Structure formats: C-alpha cells, structure tokens
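Take a look at the structure below.
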Amino acid sequence: MSHKGFSNLELLMTPQELHEKLGQVSILDFRPTEAYAEGHIPGTQHLDLYGVSVNDTSEAPLNAFLAMYQAQFASRGITMDRPVVIYDSETGERAARGVWLLTVLGHKDVRILDGGSQGWVDAGYELTTETAPPSGGGLKGERKMDELATRFDVHDALDDDNVVIIDTRRETEYLGTEKRARRVGTMPGAVHIFWRDHLDDKGALRPADEIRAMYESKGVTPDKTCIPYCQGGYRSASTWLVLKSLGYKKVRNYMGSWGEWGNRDDSVIISAEENK
C-alpha cells in the first residue's frame, strides 16, 4: 500500500509506516469496544465516541462539544507534542472523525491508518489483546475553527459561487426516501458524492488520481471552499480528510450536518429533483 499521487501526506499513514514507528506515536483504536477487546494494534488506547454528535452549532453548545472531546482525548494520554495515529477497521468514518477533531483542537501531527486494522493484518502484522493504562495526557492547543463549518457558515455559503457543498450521504438520504430527520431533502446546489466512493473494495483509499478525477468531474475543485456534510459529521469527516490529502486548502466539515439542518425550520431545503 502506498499513497502515491496524494500531494499532502500529513493526514495519512500506511501500516508499514506505523509498524516502523511503534513506540514513537500515540495510537487510538476507534472501533467498537468488542472489536478492540478481540485484538488491536500493540500500544493502542481505545476510544469509541461513535454516535456522539452535536445538533446545534451555535457558539455555546459547539464549545461545550469540543471541550468534551478534548477531555476524552486527554484521558487517553494524548498530548500535543506526540504524533497520533487513529484507526478503524478500514479507512472509515470513525477514524476520520477523530483525525478531523484532533486537527480542529490544534494537534499538528495526527493521521489515519489507511486500511485500518484490516490493512494492518493484511500487511502481515499481528494484533494483541494486551492493554496498558495511558500515560501523560493534556491538550492545550489553539483551535483551528476554519476546519469546521457551523450552520451559519453554511447559510452564508448557499449563494456563494466560491463554495461547493458536498452531500456525502447515501443516495436514499439525498433523495429523501430515507428519513433521518424531521425534514428530508438536500441543500440548494449541493453536489452528491457518496463518501465511500473514494474507498476500494478493501476499505482503503483508491489511487489519488481516480479520487481527484471523481471530485473534479462534479465541480469540486481545489480553488473553491468545500463544505461536506452527512447526518452527524462522521462520513463528511472522511471526505474532509480525502480532500485535504489531495491538497485542497479550504475544506470545512459541517459538524452539525443533517442532524441539525434537517431538524430546523429556518434551514433552506430542496428536493434532489430541484437540485438538478
């Protein structure tokens, strides 16, 4: 596995690279608890925050949400001065969400393990059931709020030709036949690109040239500010990670996503047919 073609490798790590750095980096397993117990990469701490989302991105709840995550990371021994690698079973939404969140919290060296635990095993490395308590911990960095978008940012972007909004949900959610909020539909002008379309059949990243061509064919180009969203900001974090790895400079994950947008009366919502 290599990352040839990706112009920004600061968010990606291969199993081979991680194996060489064991003991030099902090590693977080974002899989379900039972998966971690059955076997994990040596030296890993476990953190499963799946399902913890925010449905109000106004200032107070947003700050409380980020503070909660900051405390959770610190409790696992994460510090600002030590590189961090996060993995899932694949190059999945959970790990991508973790990488994005730590980036927002100001960490300057956090990466996703491409291929996840399956990629680690496929590369010939072993898992372990041994655990150890975390040491150290403490996150006091300057938040990078330009890596996230609030509902106010999205409202402002709807009529901005320099911004492209990306709906990363399943087609059924995009079309409104699958209801996961009080209101269904999509955002005006949103481009629909399912988040898993940049993964191969093993759950690792496809070649960079293929991914870049797919996004650019839909008008998602590096000169624009890109705002991906899904239901709770997990799947869209994966799109954030991929676009940043392709060298896109201005990508802001809408962390409230449809869980916020689709449950508000003041959100602008249209049908997928109207978006064509």
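FYI, nothing fancy with the structure tokens labels: chains A, B, ... in order, residues from 1 per chain, ligands from 1 as they appear.
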
Next item on the list: Mind the document's chain letters and residue numbers, and return as a PyMOL selection string the residues of segment 47-255 of chain A that DSSP labels strand (DSSP E or B).
Entry: chain A and resi 79+84-87+110-113+128+138+148-149+163-167+186+191-192+199+205+225-229+251+253-254

Note to self: Residues near segment 50-57 of chain A, anyone? I mean within 9 Å using only C-alpha atoms, not counting same-chain ones fewer than 2 positions away, as a list of chain:residue names.
What the structure shows: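 So, after excluding close chain neighbours, the residues are A:Phe30, A:Arg31, A:Pro32, A:Asp48, A:Glu59, A:Ala60, A:Pro61, A:Leu62, A:Asn63, A:Phe65, A:Arg94, A:Ala149, A:Thr150, A:Arg151, A:Phe152, A:Gly232, A:Gly233, A:Tyr234, A:Met255, A:Gly256, A:Ser257, A:Trp258, A:Gly259, A:Glu260, A:Trp261, A:Asn263.
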
How about saving the chosen residues, N, CA, C and O atoms kept, as a short mmCIF file (atom, residue, chain, number, x, y, z; two decimals), in the first residue's frame?
data_model
loop_
_atom_site.label_atom_id
_atom_site.label_comp_id
_atom_site.auth_asym_id
_atom_site.auth_seq_id
_atom_site.Cartn_x
_atom_site.Cartn_y
_atom_site.Cartn_z
N PHE A 30 -10.54 3.40 17.22
CA PHE A 30 -11.88 3.97 17.27
C PHE A 30 -12.97 2.96 16.93
O PHE A 30 -14.11 3.33 16.70
N ARG A 31 -12.62 1.68 16.90
CA ARG A 31 -13.62 0.66 16.61
C ARG A 31 -14.52 0.42 17.82
O ARG A 31 -14.25 0.92 18.92
N PRO A 32 -15.59 -0.36 17.66
CA PRO A 32 -16.41 -0.72 18.82
C PRO A 32 -15.58 -1.43 19.89
O PRO A 32 -14.56 -2.06 19.58
N ASP A 48 -14.17 5.04 21.79
CA ASP A 48 -15.32 4.88 20.90
C ASP A 48 -16.33 5.98 21.21
O ASP A 48 -17.08 5.91 22.17
N GLU A 59 -22.55 28.98 19.23
CA GLU A 59 -21.28 29.08 19.95
C GLU A 59 -21.21 28.25 21.23
O GLU A 59 -20.26 27.49 21.44
N ALA A 60 -22.19 28.37 22.11
CA ALA A 60 -22.11 27.69 23.41
C ALA A 60 -22.10 26.17 23.30
O ALA A 60 -21.19 25.51 23.85
N PRO A 61 -23.07 25.54 22.60
CA PRO A 61 -23.02 24.08 22.50
C PRO A 61 -21.82 23.58 21.71
O PRO A 61 -21.28 22.52 22.01
N LEU A 62 -21.38 24.36 20.72
CA LEU A 62 -20.21 23.97 19.94
C LEU A 62 -18.96 23.93 20.83
O LEU A 62 -18.19 22.96 20.80
N ASN A 63 -18.77 24.96 21.64
CA ASN A 63 -17.62 25.00 22.54
C ASN A 63 -17.68 23.88 23.58
O ASN A 63 -16.65 23.27 23.91
N PHE A 65 -19.13 20.98 23.20
CA PHE A 65 -18.86 19.73 22.47
C PHE A 65 -17.35 19.53 22.27
O PHE A 65 -16.82 18.45 22.52
N ARG A 94 -15.28 6.64 11.46
CA ARG A 94 -14.95 6.86 12.87
C ARG A 94 -13.56 7.47 13.01
O ARG A 94 -13.36 8.47 13.70
N ALA A 149 -17.38 23.84 9.85
CA ALA A 149 -18.41 24.80 9.45
C ALA A 149 -19.60 24.65 10.39
O ALA A 149 -19.95 23.54 10.79
N THR A 150 -20.20 25.78 10.73
CA THR A 150 -21.43 25.79 11.51
C THR A 150 -22.61 25.99 10.56
O THR A 150 -22.43 26.23 9.36
N ARG A 151 -23.81 25.93 11.09
CA ARG A 151 -24.98 26.17 10.23
C ARG A 151 -24.99 27.60 9.69
O ARG A 151 -25.49 27.86 8.60
N PHE A 152 -24.39 28.53 10.43
CA PHE A 152 -24.31 29.92 9.99
C PHE A 152 -23.37 30.04 8.78
O PHE A 152 -23.66 30.77 7.83
N GLY A 232 -24.29 13.30 10.78
CA GLY A 232 -23.76 13.74 12.06
C GLY A 232 -22.31 14.19 12.02
O GLY A 232 -21.69 14.35 13.07
N GLY A 233 -21.74 14.37 10.82
CA GLY A 233 -20.38 14.86 10.70
C GLY A 233 -19.31 13.79 10.72
O GLY A 233 -18.12 14.11 10.81
N TYR A 234 -19.70 12.52 10.62
CA TYR A 234 -18.72 11.43 10.59
C TYR A 234 -18.29 11.11 9.16
O TYR A 234 -17.11 11.15 8.83
N MET A 255 -20.09 20.02 10.96
CA MET A 255 -20.21 19.02 12.01
C MET A 255 -21.65 18.79 12.46
O MET A 255 -21.99 17.71 12.92
N GLY A 256 -22.51 19.78 12.34
CA GLY A 256 -23.92 19.58 12.70
C GLY A 256 -24.65 18.74 11.68
O GLY A 256 -25.54 17.95 12.01
N SER A 257 -24.26 18.91 10.42
CA SER A 257 -24.79 18.16 9.28
C SER A 257 -26.32 18.09 9.28
O SER A 257 -27.00 18.97 9.82
N TRP A 258 -26.87 17.04 8.66
CA TRP A 258 -28.32 16.98 8.51
C TRP A 258 -29.06 16.79 9.83
O TRP A 258 -30.23 17.13 9.97
N GLY A 259 -28.36 16.25 10.83
CA GLY A 259 -28.97 16.12 12.15
C GLY A 259 -29.37 17.47 12.73
O GLY A 259 -30.31 17.56 13.52
N GLU A 260 -28.65 18.50 12.34
CA GLU A 260 -29.01 19.87 12.72
C GLU A 260 -29.86 20.52 11.63
O GLU A 260 -30.96 21.01 11.91
N TRP A 261 -29.35 20.51 10.40
CA TRP A 261 -30.01 21.22 9.30
C TRP A 261 -31.43 20.72 9.05
O TRP A 261 -32.37 21.50 8.86
N ASN A 263 -33.52 19.34 11.02
CA ASN A 263 -34.44 19.44 12.15
C ASN A 263 -34.76 20.88 12.54
O ASN A 263 -35.36 21.12 13.58
#

Notebook entry, point to check: Looking at A:Tyr229, A:Tyr248, A:Phe6, A:Tyr36, which one is nearest to Val191 of chain A, with distances taken over only C-alpha atoms?
Noted result: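 Of all the options, A:Tyr229 lies closest to Val191 of chain A.
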
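Our summary of the geometry notes that atom CA of Lys244 of chain A is positioned 18.7 Å from atom CA of Gly116 of chain A.
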
Within 12 Å of Tyr125 of chain A, counting only C-alpha atoms, which residues qualify if same-chain residues fewer than 3 places away don't, as a PDB file with N, CA and C atoms, in the first residue's frame?
ATOM      1  N   PRO A  15       0.230   0.954   6.936  1.00  0.00           N
ATOM      2  CA  PRO A  15       0.587   0.001   8.001  1.00  0.00           C
ATOM      3  C   PRO A  15       2.096  -0.164   8.148  1.00  0.00           C
ATOM      4  N   GLN A  16       2.820  -0.161   7.032  1.00  0.00           N
ATOM      5  CA  GLN A  16       4.270  -0.311   7.087  1.00  0.00           C
ATOM      6  C   GLN A  16       4.916   0.852   7.844  1.00  0.00           C
ATOM      7  N   GLU A  17       4.429   2.062   7.576  1.00  0.00           N
ATOM      8  CA  GLU A  17       4.971   3.235   8.268  1.00  0.00           C
ATOM      9  C   GLU A  17       4.665   3.178   9.762  1.00  0.00           C
ATOM     10  N   LEU A  18       3.455   2.758  10.120  1.00  0.00           N
ATOM     11  CA  LEU A  18       3.096   2.670  11.535  1.00  0.00           C
ATOM     12  C   LEU A  18       3.933   1.618  12.237  1.00  0.00           C
ATOM     13  N   HIS A  19       4.157   0.491  11.575  1.00  0.00           N
ATOM     14  CA  HIS A  19       4.943  -0.575  12.187  1.00  0.00           C
ATOM     15  C   HIS A  19       6.347  -0.080  12.532  1.00  0.00           C
ATOM     16  N   GLU A  20       6.892   0.749  11.685  1.00  0.00           N
ATOM     17  CA  GLU A  20       8.231   1.293  11.925  1.00  0.00           C
ATOM     18  C   GLU A  20       8.240   2.298  13.075  1.00  0.00           C
ATOM     19  N   LEU A  22       6.146   2.187  15.867  1.00  0.00           N
ATOM     20  CA  LEU A  22       5.574   1.701  17.119  1.00  0.00           C
ATOM     21  C   LEU A  22       6.461   2.137  18.294  1.00  0.00           C
ATOM     22  N   GLY A  39      -8.790  -7.959  19.704  1.00  0.00           N
ATOM     23  CA  GLY A  39      -7.430  -7.794  19.181  1.00  0.00           C
ATOM     24  C   GLY A  39      -7.217  -6.424  18.592  1.00  0.00           C
ATOM     25  N   HIS A  40      -6.088  -5.798  18.951  1.00  0.00           N
ATOM     26  CA  HIS A  40      -5.797  -4.444  18.486  1.00  0.00           C
ATOM     27  C   HIS A  40      -4.306  -4.307  18.225  1.00  0.00           C
ATOM     28  N   ILE A  41      -3.926  -3.228  17.592  1.00  0.00           N
ATOM     29  CA  ILE A  41      -2.521  -2.956  17.304  1.00  0.00           C
ATOM     30  C   ILE A  41      -1.783  -2.695  18.612  1.00  0.00           C
ATOM     31  N   PRO A  42      -0.598  -3.252  18.797  1.00  0.00           N
ATOM     32  CA  PRO A  42       0.129  -3.079  20.059  1.00  0.00           C
ATOM     33  C   PRO A  42       0.301  -1.610  20.445  1.00  0.00           C
ATOM     34  N   GLY A 116      -6.945   0.653   7.985  1.00  0.00           N
ATOM     35  CA  GLY A 116      -7.348   0.306   9.335  1.00  0.00           C
ATOM     36  C   GLY A 116      -6.734  -0.987   9.844  1.00  0.00           C
ATOM     37  N   SER A 117      -7.417  -1.620  10.798  1.00  0.00           N
ATOM     38  CA  SER A 117      -6.899  -2.858  11.386  1.00  0.00           C
ATOM     39  C   SER A 117      -6.828  -3.975  10.353  1.00  0.00           C
ATOM     40  N   GLN A 118      -7.749  -3.967   9.384  1.00  0.00           N
ATOM     41  CA  GLN A 118      -7.706  -4.985   8.338  1.00  0.00           C
ATOM     42  C   GLN A 118      -6.466  -4.813   7.475  1.00  0.00           C
ATOM     43  N   GLY A 119      -6.131  -3.575   7.164  1.00  0.00           N
ATOM     44  CA  GLY A 119      -4.924  -3.313   6.399  1.00  0.00           C
ATOM     45  C   GLY A 119      -3.668  -3.718   7.159  1.00  0.00           C
ATOM     46  N   TRP A 120      -3.692  -3.525   8.487  1.00  0.00           N
ATOM     47  CA  TRP A 120      -2.567  -3.930   9.342  1.00  0.00           C
ATOM     48  C   TRP A 120      -2.359  -5.441   9.264  1.00  0.00           C
ATOM     49  N   VAL A 121      -3.448  -6.197   9.388  1.00  0.00           N
ATOM     50  CA  VAL A 121      -3.364  -7.659   9.321  1.00  0.00           C
ATOM     51  C   VAL A 121      -2.958  -8.111   7.922  1.00  0.00           C
ATOM     52  N   ASP A 122      -3.526  -7.487   6.892  1.00  0.00           N
ATOM     53  CA  ASP A 122      -3.192  -7.852   5.510  1.00  0.00           C
ATOM     54  C   ASP A 122      -1.714  -7.616   5.207  1.00  0.00           C
ATOM     55  N   THR A 128      -2.913  -7.744  19.187  1.00  0.00           N
ATOM     56  CA  THR A 128      -2.699  -8.225  20.544  1.00  0.00           C
ATOM     57  C   THR A 128      -3.941  -7.954  21.389  1.00  0.00           C
TER      58      THR A 128
END

Give me, as CSV, the closest atom pair and its distance (Å, one decimal) for every residue of segment 91-170 of chain A within a cut-off of 7 Å of segment 72-85 of chain A, counting only C-alpha atoms, rows sorted by chain and rising number.
residue,atom,partner,partner_atom,distance
A:His107,CA,A:Met80,CA,5.6
A:Asp109,CA,A:Pro83,CA,5.1
A:Val110,CA,A:Val84,CA,4.6
A:Arg111,CA,A:Val85,CA,4.9
A:Ile112,CA,A:Val85,CA,5.7
A:Leu113,CA,A:Val85,CA,6.4
A:Pro134,CA,A:Gly77,CA,5.0
A:Ser135,CA,A:Gly77,CA,5.2
A:Gly136,CA,A:Gly77,CA,4.9
A:Gly137,CA,A:Gly77,CA,3.8
A:Gly138,CA,A:Ala74,CA,4.8
A:Leu139,CA,A:Thr79,CA,5.5

Please produce a file of the residues just selected, as a PDB file, in the first residue's frame, where the atoms kept are N, CA, C and O atoms.
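The result, written out as out.pdb:
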ATOM      1  N   HIS A 107      -4.070  19.938  17.158  1.00  0.00           N
ATOM      2  CA  HIS A 107      -2.954  18.999  17.045  1.00  0.00           C
ATOM      3  C   HIS A 107      -2.345  19.108  15.648  1.00  0.00           C
ATOM      4  O   HIS A 107      -3.058  19.143  14.652  1.00  0.00           O
ATOM      5  N   ASP A 109       0.021  16.956  14.267  1.00  0.00           N
ATOM      6  CA  ASP A 109       0.509  15.716  13.640  1.00  0.00           C
ATOM      7  C   ASP A 109      -0.394  14.554  14.021  1.00  0.00           C
ATOM      8  O   ASP A 109      -0.098  13.772  14.915  1.00  0.00           O
ATOM      9  N   VAL A 110      -1.528  14.449  13.346  1.00  0.00           N
ATOM     10  CA  VAL A 110      -2.473  13.354  13.576  1.00  0.00           C
ATOM     11  C   VAL A 110      -2.837  12.751  12.227  1.00  0.00           C
ATOM     12  O   VAL A 110      -3.096  13.476  11.263  1.00  0.00           O
ATOM     13  N   ARG A 111      -2.822  11.431  12.145  1.00  0.00           N
ATOM     14  CA  ARG A 111      -3.030  10.744  10.874  1.00  0.00           C
ATOM     15  C   ARG A 111      -3.998   9.573  11.018  1.00  0.00           C
ATOM     16  O   ARG A 111      -4.168   9.030  12.105  1.00  0.00           O
ATOM     17  N   ILE A 112      -4.553   9.179   9.900  1.00  0.00           N
ATOM     18  CA  ILE A 112      -5.397   7.989   9.847  1.00  0.00           C
ATOM     19  C   ILE A 112      -4.555   6.837   9.314  1.00  0.00           C
ATOM     20  O   ILE A 112      -3.680   7.028   8.456  1.00  0.00           O
ATOM     21  N   LEU A 113      -4.774   5.644   9.855  1.00  0.00           N
ATOM     22  CA  LEU A 113      -4.119   4.447   9.329  1.00  0.00           C
ATOM     23  C   LEU A 113      -4.925   3.971   8.132  1.00  0.00           C
ATOM     24  O   LEU A 113      -6.042   3.470   8.290  1.00  0.00           O
ATOM     25  N   PRO A 134      -3.138   4.492  30.018  1.00  0.00           N
ATOM     26  CA  PRO A 134      -2.469   5.593  29.307  1.00  0.00           C
ATOM     27  C   PRO A 134      -1.557   6.370  30.237  1.00  0.00           C
ATOM     28  O   PRO A 134      -1.751   6.396  31.448  1.00  0.00           O
ATOM     29  N   SER A 135      -0.530   6.981  29.666  1.00  0.00           N
ATOM     30  CA  SER A 135       0.366   7.829  30.446  1.00  0.00           C
ATOM     31  C   SER A 135       0.360   9.225  29.845  1.00  0.00           C
ATOM     32  O   SER A 135       0.155   9.403  28.646  1.00  0.00           O
ATOM     33  N   GLY A 136       0.582  10.207  30.679  1.00  0.00           N
ATOM     34  CA  GLY A 136       0.600  11.582  30.186  1.00  0.00           C
ATOM     35  C   GLY A 136      -0.802  12.074  29.901  1.00  0.00           C
ATOM     36  O   GLY A 136      -1.780  11.674  30.524  1.00  0.00           O
ATOM     37  N   GLY A 137      -0.921  12.951  28.932  1.00  0.00           N
ATOM     38  CA  GLY A 137      -2.225  13.492  28.556  1.00  0.00           C
ATOM     39  C   GLY A 137      -2.282  14.979  28.829  1.00  0.00           C
ATOM     40  O   GLY A 137      -1.637  15.489  29.743  1.00  0.00           O
ATOM     41  N   GLY A 138      -3.055  15.663  28.036  1.00  0.00           N
ATOM     42  CA  GLY A 138      -3.218  17.098  28.183  1.00  0.00           C
ATOM     43  C   GLY A 138      -3.185  17.783  26.842  1.00  0.00           C
ATOM     44  O   GLY A 138      -2.176  17.731  26.149  1.00  0.00           O
ATOM     45  N   LEU A 139      -4.299  18.361  26.458  1.00  0.00           N
ATOM     46  CA  LEU A 139      -4.398  19.026  25.161  1.00  0.00           C
ATOM     47  C   LEU A 139      -4.678  20.506  25.372  1.00  0.00           C
ATOM     48  O   LEU A 139      -5.763  20.887  25.790  1.00  0.00           O
TER      49      LEU A 139
END
